[in-house]
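J.: Data file work-v8.txt (compact mmCIF, C-alpha atoms) is appended below.
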# COMPACT_ATOMS: atom_id res chain seq x y z
CA MET A 16 32.47 -164.27 4.70
CA ASN A 17 29.61 -166.74 4.17
CA LYS A 18 27.36 -163.89 3.02
CA LYS A 19 29.92 -162.90 0.36
CA ILE A 20 30.15 -166.47 -0.94
CA ILE A 21 26.37 -166.83 -1.02
CA PHE A 22 26.04 -163.44 -2.75
CA LEU A 23 28.68 -164.38 -5.37
CA ALA A 24 27.02 -167.76 -5.92
CA ILE A 25 23.63 -166.10 -6.50
CA VAL A 26 25.10 -163.49 -8.85
CA THR A 27 26.97 -166.20 -10.78
CA PHE A 28 23.81 -168.30 -11.00
CA LEU A 29 21.80 -165.32 -12.30
CA ILE A 30 24.45 -164.39 -14.87
CA LEU A 31 24.79 -167.95 -16.13
CA GLY A 32 21.00 -168.25 -16.29
CA ALA A 33 20.73 -165.05 -18.30
CA ILE A 34 23.47 -166.19 -20.69
CA ALA A 35 21.82 -169.59 -21.14
CA HIS A 36 18.45 -167.90 -21.71
CA GLY A 37 20.00 -165.65 -24.36
CA PHE A 38 21.40 -168.65 -26.25
CA ALA A 39 18.05 -170.44 -26.01
CA VAL A 40 16.21 -167.40 -27.35
CA ARG A 41 18.61 -167.04 -30.28
CA ARG A 42 18.23 -170.73 -31.13
CA ALA A 43 14.44 -170.53 -30.88
CA GLU A 44 14.33 -167.41 -33.04
CA GLY A 45 16.47 -169.09 -35.66
CA GLY A 46 14.20 -172.10 -35.51
CA GLY A 47 16.20 -173.77 -38.27
CA MET A 48 14.77 -171.42 -40.90
CA ASN A 49 16.83 -170.78 -44.00
CA LEU A 50 16.43 -168.13 -46.71
CA THR A 51 18.13 -168.59 -50.09
CA SER A 52 17.78 -167.48 -53.68
CA PRO A 53 18.59 -169.33 -56.90
CA GLU A 54 19.47 -165.88 -58.33
CA PHE A 55 22.47 -165.16 -56.06
CA LYS A 56 24.44 -166.67 -53.18
CA HIS A 57 24.58 -165.36 -49.61
CA ASN A 58 27.04 -162.42 -49.62
CA GLY A 59 27.18 -162.67 -53.42
CA PHE A 60 26.32 -160.06 -56.01
CA ILE A 61 22.69 -159.56 -57.01
CA PRO A 62 22.21 -159.69 -60.81
CA SER A 63 21.45 -156.25 -62.27
CA LYS A 64 18.03 -157.32 -63.62
CA PHE A 65 16.79 -157.17 -60.00
CA THR A 66 18.03 -153.57 -59.56
CA CYS A 67 17.23 -150.04 -60.73
CA GLU A 68 19.65 -150.60 -63.62
CA GLY A 69 17.65 -153.56 -64.86
CA LEU A 70 14.04 -154.71 -64.67
CA ASP A 71 13.73 -153.70 -60.99
CA ILE A 72 11.88 -156.92 -60.15
CA SER A 73 12.20 -158.98 -56.97
CA PRO A 74 14.36 -162.11 -57.09
CA THR A 75 13.06 -165.58 -56.33
CA LEU A 76 13.38 -166.39 -52.62
CA VAL A 77 13.18 -169.84 -51.04
CA ILE A 78 12.22 -170.21 -47.39
CA GLU A 79 12.89 -173.55 -45.72
CA GLY A 80 12.43 -174.82 -42.18
CA ILE A 81 9.29 -172.79 -41.49
CA PRO A 82 8.46 -173.47 -37.82
CA GLU A 83 5.36 -175.40 -36.86
CA GLY A 84 2.58 -173.08 -35.75
CA THR A 85 3.50 -170.33 -38.21
CA LYS A 86 0.37 -168.36 -39.16
CA SER A 87 2.05 -165.84 -41.48
CA LEU A 88 5.43 -164.67 -42.75
CA ALA A 89 6.84 -161.17 -43.07
CA LEU A 90 9.72 -159.98 -45.26
CA ILE A 91 11.86 -156.86 -45.00
CA MET A 92 14.58 -155.90 -47.48
CA ASP A 93 16.82 -153.00 -46.52
CA ASP A 94 20.22 -151.44 -47.12
CA PRO A 95 22.15 -150.44 -43.98
CA ASP A 96 24.92 -148.88 -46.09
CA ALA A 97 22.80 -146.03 -47.49
CA PRO A 98 24.31 -142.58 -46.83
CA MET A 99 21.21 -141.27 -45.00
CA GLY A 100 20.84 -144.38 -42.79
CA THR A 101 19.14 -147.71 -43.44
CA TRP A 102 17.10 -147.53 -46.65
CA VAL A 103 14.00 -149.73 -46.86
CA HIS A 104 13.50 -151.40 -50.26
CA TRP A 105 10.64 -153.80 -49.61
CA VAL A 106 8.14 -154.54 -46.85
CA VAL A 107 5.79 -157.54 -47.21
CA TYR A 108 3.59 -159.17 -44.56
CA ASP A 109 0.69 -161.58 -44.12
CA ILE A 110 2.47 -163.95 -46.50
CA PRO A 111 0.65 -167.30 -46.25
CA PRO A 112 3.01 -169.94 -44.86
CA ALA A 113 3.61 -173.34 -46.36
CA ILE A 114 4.56 -176.57 -44.67
CA ASN A 115 8.35 -176.40 -44.18
CA ARG A 116 9.20 -174.79 -47.57
CA LEU A 117 7.88 -171.83 -49.56
CA THR A 118 9.14 -170.33 -52.81
CA LEU A 119 8.37 -166.68 -53.47
CA GLU A 120 8.58 -166.52 -57.26
CA LYS A 121 10.49 -163.83 -59.12
CA ASN A 122 8.52 -160.56 -59.41
CA SER A 123 5.64 -161.86 -57.27
CA ILE A 124 3.62 -160.06 -54.62
CA PRO A 125 3.42 -162.75 -51.95
CA GLY A 126 1.33 -160.81 -49.40
CA LYS A 127 0.36 -157.29 -48.39
CA GLN A 128 3.02 -154.69 -49.10
CA GLY A 129 4.22 -151.83 -46.96
CA LYS A 130 5.74 -148.53 -48.02
CA ASN A 131 9.43 -148.41 -48.89
CA ASN A 132 11.75 -145.40 -48.71
CA PHE A 133 11.13 -144.68 -52.39
CA GLY A 134 7.62 -143.71 -51.25
CA ARG A 135 6.09 -146.65 -53.11
CA ILE A 136 4.17 -149.75 -52.06
CA ASN A 137 6.21 -152.30 -54.01
CA TYR A 138 9.68 -153.76 -54.44
CA GLY A 139 12.41 -151.19 -55.05
CA GLY A 140 15.59 -152.89 -56.18
CA PRO A 141 19.15 -152.04 -55.21
CA CYS A 142 20.25 -148.63 -56.50
CA PRO A 143 23.28 -147.48 -54.49
CA PRO A 144 24.54 -143.96 -55.19
CA SER A 145 28.15 -145.16 -54.98
CA GLY A 146 30.22 -148.12 -53.87
CA THR A 147 29.10 -151.63 -53.00
CA HIS A 148 26.09 -151.89 -50.67
CA ARG A 149 24.68 -154.82 -48.70
CA TYR A 150 21.00 -155.71 -49.10
CA PHE A 151 19.45 -157.68 -46.25
CA PHE A 152 16.45 -159.87 -47.06
CA LYS A 153 14.96 -160.82 -43.67
CA ILE A 154 12.11 -163.32 -43.32
CA TYR A 155 10.11 -163.74 -40.11
CA ALA A 156 7.77 -166.59 -39.15
CA LEU A 157 4.94 -165.25 -37.00
CA ASP A 158 2.44 -166.96 -34.71
CA ILE A 159 -0.34 -164.62 -35.93
CA ALA A 160 -1.63 -163.08 -39.13
CA LEU A 161 -1.13 -159.35 -38.70
CA ASN A 162 -4.17 -158.21 -40.72
CA LEU A 163 -2.75 -154.70 -41.12
CA LYS A 164 -3.68 -152.32 -43.93
CA GLU A 165 -1.36 -152.11 -46.91
CA GLY A 166 1.16 -149.30 -46.92
CA ILE A 167 2.53 -149.54 -43.37
CA SER A 168 6.16 -148.66 -42.65
CA LYS A 169 8.97 -151.02 -41.72
CA GLY A 170 8.86 -149.60 -38.17
CA ALA A 171 5.11 -150.26 -37.84
CA LEU A 172 5.63 -153.81 -39.09
CA GLU A 173 8.46 -154.45 -36.64
CA LYS A 174 6.32 -153.13 -33.78
CA ALA A 175 3.39 -155.34 -34.80
CA MET A 176 5.69 -158.41 -34.95
CA GLU A 177 7.05 -157.92 -31.40
CA GLY A 178 6.41 -160.99 -29.27
CA HIS A 179 5.13 -163.03 -32.25
CA ILE A 180 8.34 -164.18 -33.96
CA LEU A 181 8.71 -167.98 -34.07
CA GLY A 182 11.73 -168.00 -36.37
CA ARG A 183 13.74 -165.85 -38.73
CA ALA A 184 16.41 -166.05 -41.37
CA GLU A 185 18.29 -163.62 -43.59
CA LEU A 186 20.01 -163.52 -46.93
CA ILE A 187 22.51 -160.81 -47.83
CA GLY A 188 23.11 -159.73 -51.40
CA LEU A 189 25.61 -157.17 -52.66
CA TYR A 190 25.30 -154.64 -55.44
CA LYS A 191 27.42 -151.92 -57.04
CA LYS A 192 26.08 -149.88 -59.96
CA GLN A 193 27.36 -151.16 -63.28
CA ASN A 194 26.31 -148.17 -65.43
CA THR A 195 25.84 -150.48 -68.41
CA SER A 196 22.74 -151.28 -70.39
CA SER A 197 23.31 -155.04 -70.42
CA LEU A 198 21.42 -157.20 -67.97
CA GLN A 199 23.17 -159.96 -66.10
Translate this file's structure into structure tokens.
T.:
Amino acid sequence: MNKKIIFLAIVTFLILGAIAHGFAVRRAEGGGMNLTSPEFKHNGFIPSKFTCEGLDISPTLVIEGIPEGTKSLALIMDDPDAPMGTWVHWVVYDIPPAINRLTLEKNSIPGKQGKNNFGRINYGGPCPPSGTHRYFFKIYALDIALNLKEGISKGALEKAMEGHILGRAELIGLYKKQNTSSLQ
């Protein structure tokens, strides 16, 4: 009977420790970072000028709460609602960090760019074939500069970032084709 109680106590201790560790990791990864845009609100619609129906330029992004010790930032924009699986629109890395706050200006190239699923090394704006899609802008604070060649894939970037993420944040924008010539 004592062995069962000791065993249950150890298992409970290990489970609670693992749960507590998971919460601590999530908090540390969040690091208080925040990603916003003056162009659209979180879970709001992206103006058409930032899409294939408009100027196809990147929106302004504001990163706040960049963790101390950040050596570089990386940005991935993708669409998990694409019919063929997640579609990569933009991959940027080795973005120089700023102290606490950084604004990536509209239509800027803030660092080295990777290859998107359009087969290009640049920003490819939202262009859903049908319906409303979600576009995830994900920013990562890294404890190293990656110093990778331009043109890498999202997968290669994610692999290179493993074990080096100090913080992250995301902004979700929505888009549905308007099929009009006017820009919002």
J.: Name the residues, using the chain letters and numbers of the file, that sit within 7 Å of (9.1, -160.3, -43.9) when counting only C-alpha atoms, and give them as a list in words.
T.: Leu88, Ala89, Leu90, Ile91, Val106, Val107, Tyr108, Lys153, Ile154 and Tyr155 of chain A
J.: Name all residues at most 12 Å from Gly59 in chain A (count all atoms listed in the file; drop same-chain ones fewer than 4 positions away) and give them as a ChimeraX atom specification.
T.: /A:51-55,147-151,186-191
J.: Any idea what the distance is between CA of Pro125 in chain A and CA of Asn58 in chain A?
T.: 23.7 Å
J.: Range 169-173 of chain A: which residues within 8 Å, counting only C-alpha atoms, same-chain residues fewer than 2 positions away excluded, as a PDB file with C-alpha atoms, in the frame of the given file?
T.:
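In the end it all went to out-v1.pdb:
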ATOM      1  CA  ILE A  91      11.860-156.860 -45.000  1.00  0.00           C
ATOM      2  CA  VAL A 103      14.000-149.730 -46.860  1.00  0.00           C
ATOM      3  CA  VAL A 106       8.140-154.540 -46.850  1.00  0.00           C
ATOM      4  CA  TYR A 108       3.590-159.170 -44.560  1.00  0.00           C
ATOM      5  CA  GLY A 129       4.220-151.830 -46.960  1.00  0.00           C
ATOM      6  CA  LYS A 130       5.740-148.530 -48.020  1.00  0.00           C
ATOM      7  CA  ASN A 131       9.430-148.410 -48.890  1.00  0.00           C
ATOM      8  CA  ILE A 167       2.530-149.540 -43.370  1.00  0.00           C
ATOM      9  CA  ALA A 175       3.390-155.340 -34.800  1.00  0.00           C
ATOM     10  CA  MET A 176       5.690-158.410 -34.950  1.00  0.00           C
ATOM     11  CA  GLU A 177       7.050-157.920 -31.400  1.00  0.00           C
TER      12      GLU A 177
END
J.: How many Å lie between CA of Asp109 in chain A and CA of Ser87 in chain A, rounded to one decimal?
T.: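 These two atoms are separated by 5.2 Å.
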J.: Under the rule that only C-alpha atoms are counted, which of A:Gly140, A:Gly80, A:Ser145, A:Glu68 is the nearest residue to Pro98 in chain A?
T.: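 Nearest to Pro98 in chain A: A:Ser145.
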J.: I'd like to know which of A:Thr85, A:Thr101, A:Thr75, A:Gln128 is closest to Ala113 in chain A, using all atoms listed in the file.
T.: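 Residue with the minimum atom-to-atom distance to Ala113 in chain A: A:Thr85.
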J.: Please indicate the distance in Å from CA of Asp93 in chain A to CA of Trp105 in chain A, rounded to one decimal place.
T.: 7.0 Å
J.: Contacts of Ile72 in chain A at 7 Å or less, counting all atoms listed in the file, minus same-chain residues fewer than 3 places along, as a PyMOL selection string?
T.: chain A and resi 65+122+138+140
J.: Please determine, counting all atoms listed in the file, which residue among A:Met92, A:Leu76, A:Ile81, A:Met99 has the shortest atom-to-atom distance to Pro144 in chain A.
T.: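 Answer, going by the shortest atom-to-atom distance: A:Met99.
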J.: Of the candidates A:Gly126, A:Pro74, A:Pro62, A:Gly166, which one gets nearest to Ile110 in chain A if we count only C-alpha atoms?
T.: A:Gly126
J.: Show me, as JSON, numbers by chain, the residues that have an atom within 12 Å of Asn49 in chain A when counting all atoms listed in the file, minus same-chain residues fewer than 4 positions from it.
T.: {"A": [44, 45, 57, 76, 77, 78, 79, 80, 81, 82, 115, 116, 117, 118, 152, 153, 154, 155, 156, 182, 183, 184, 185, 186]}
J.: With a distance cut-off of 10 Å and all atoms listed in the file, select the neighbouring residues of Gly84 in chain A, excluding the residue or stretch itself and same-chain residues fewer than 4 positions from it, and output the selection as a PyMOL selection string.
T.: chain A and resi 112+114+156-159+181
J.: With 6 Å of padding per side, what axis-aligned box (centre and edge lengths, Å, one decimal) covers all the listed atoms of range 154-169 of chain A? Give it as JSON.
T.:
{"center_x": 4.0, "center_y": -157.8, "center_z": -40.8, "size_x": 28.3, "size_y": 30.3, "size_z": 24.2}
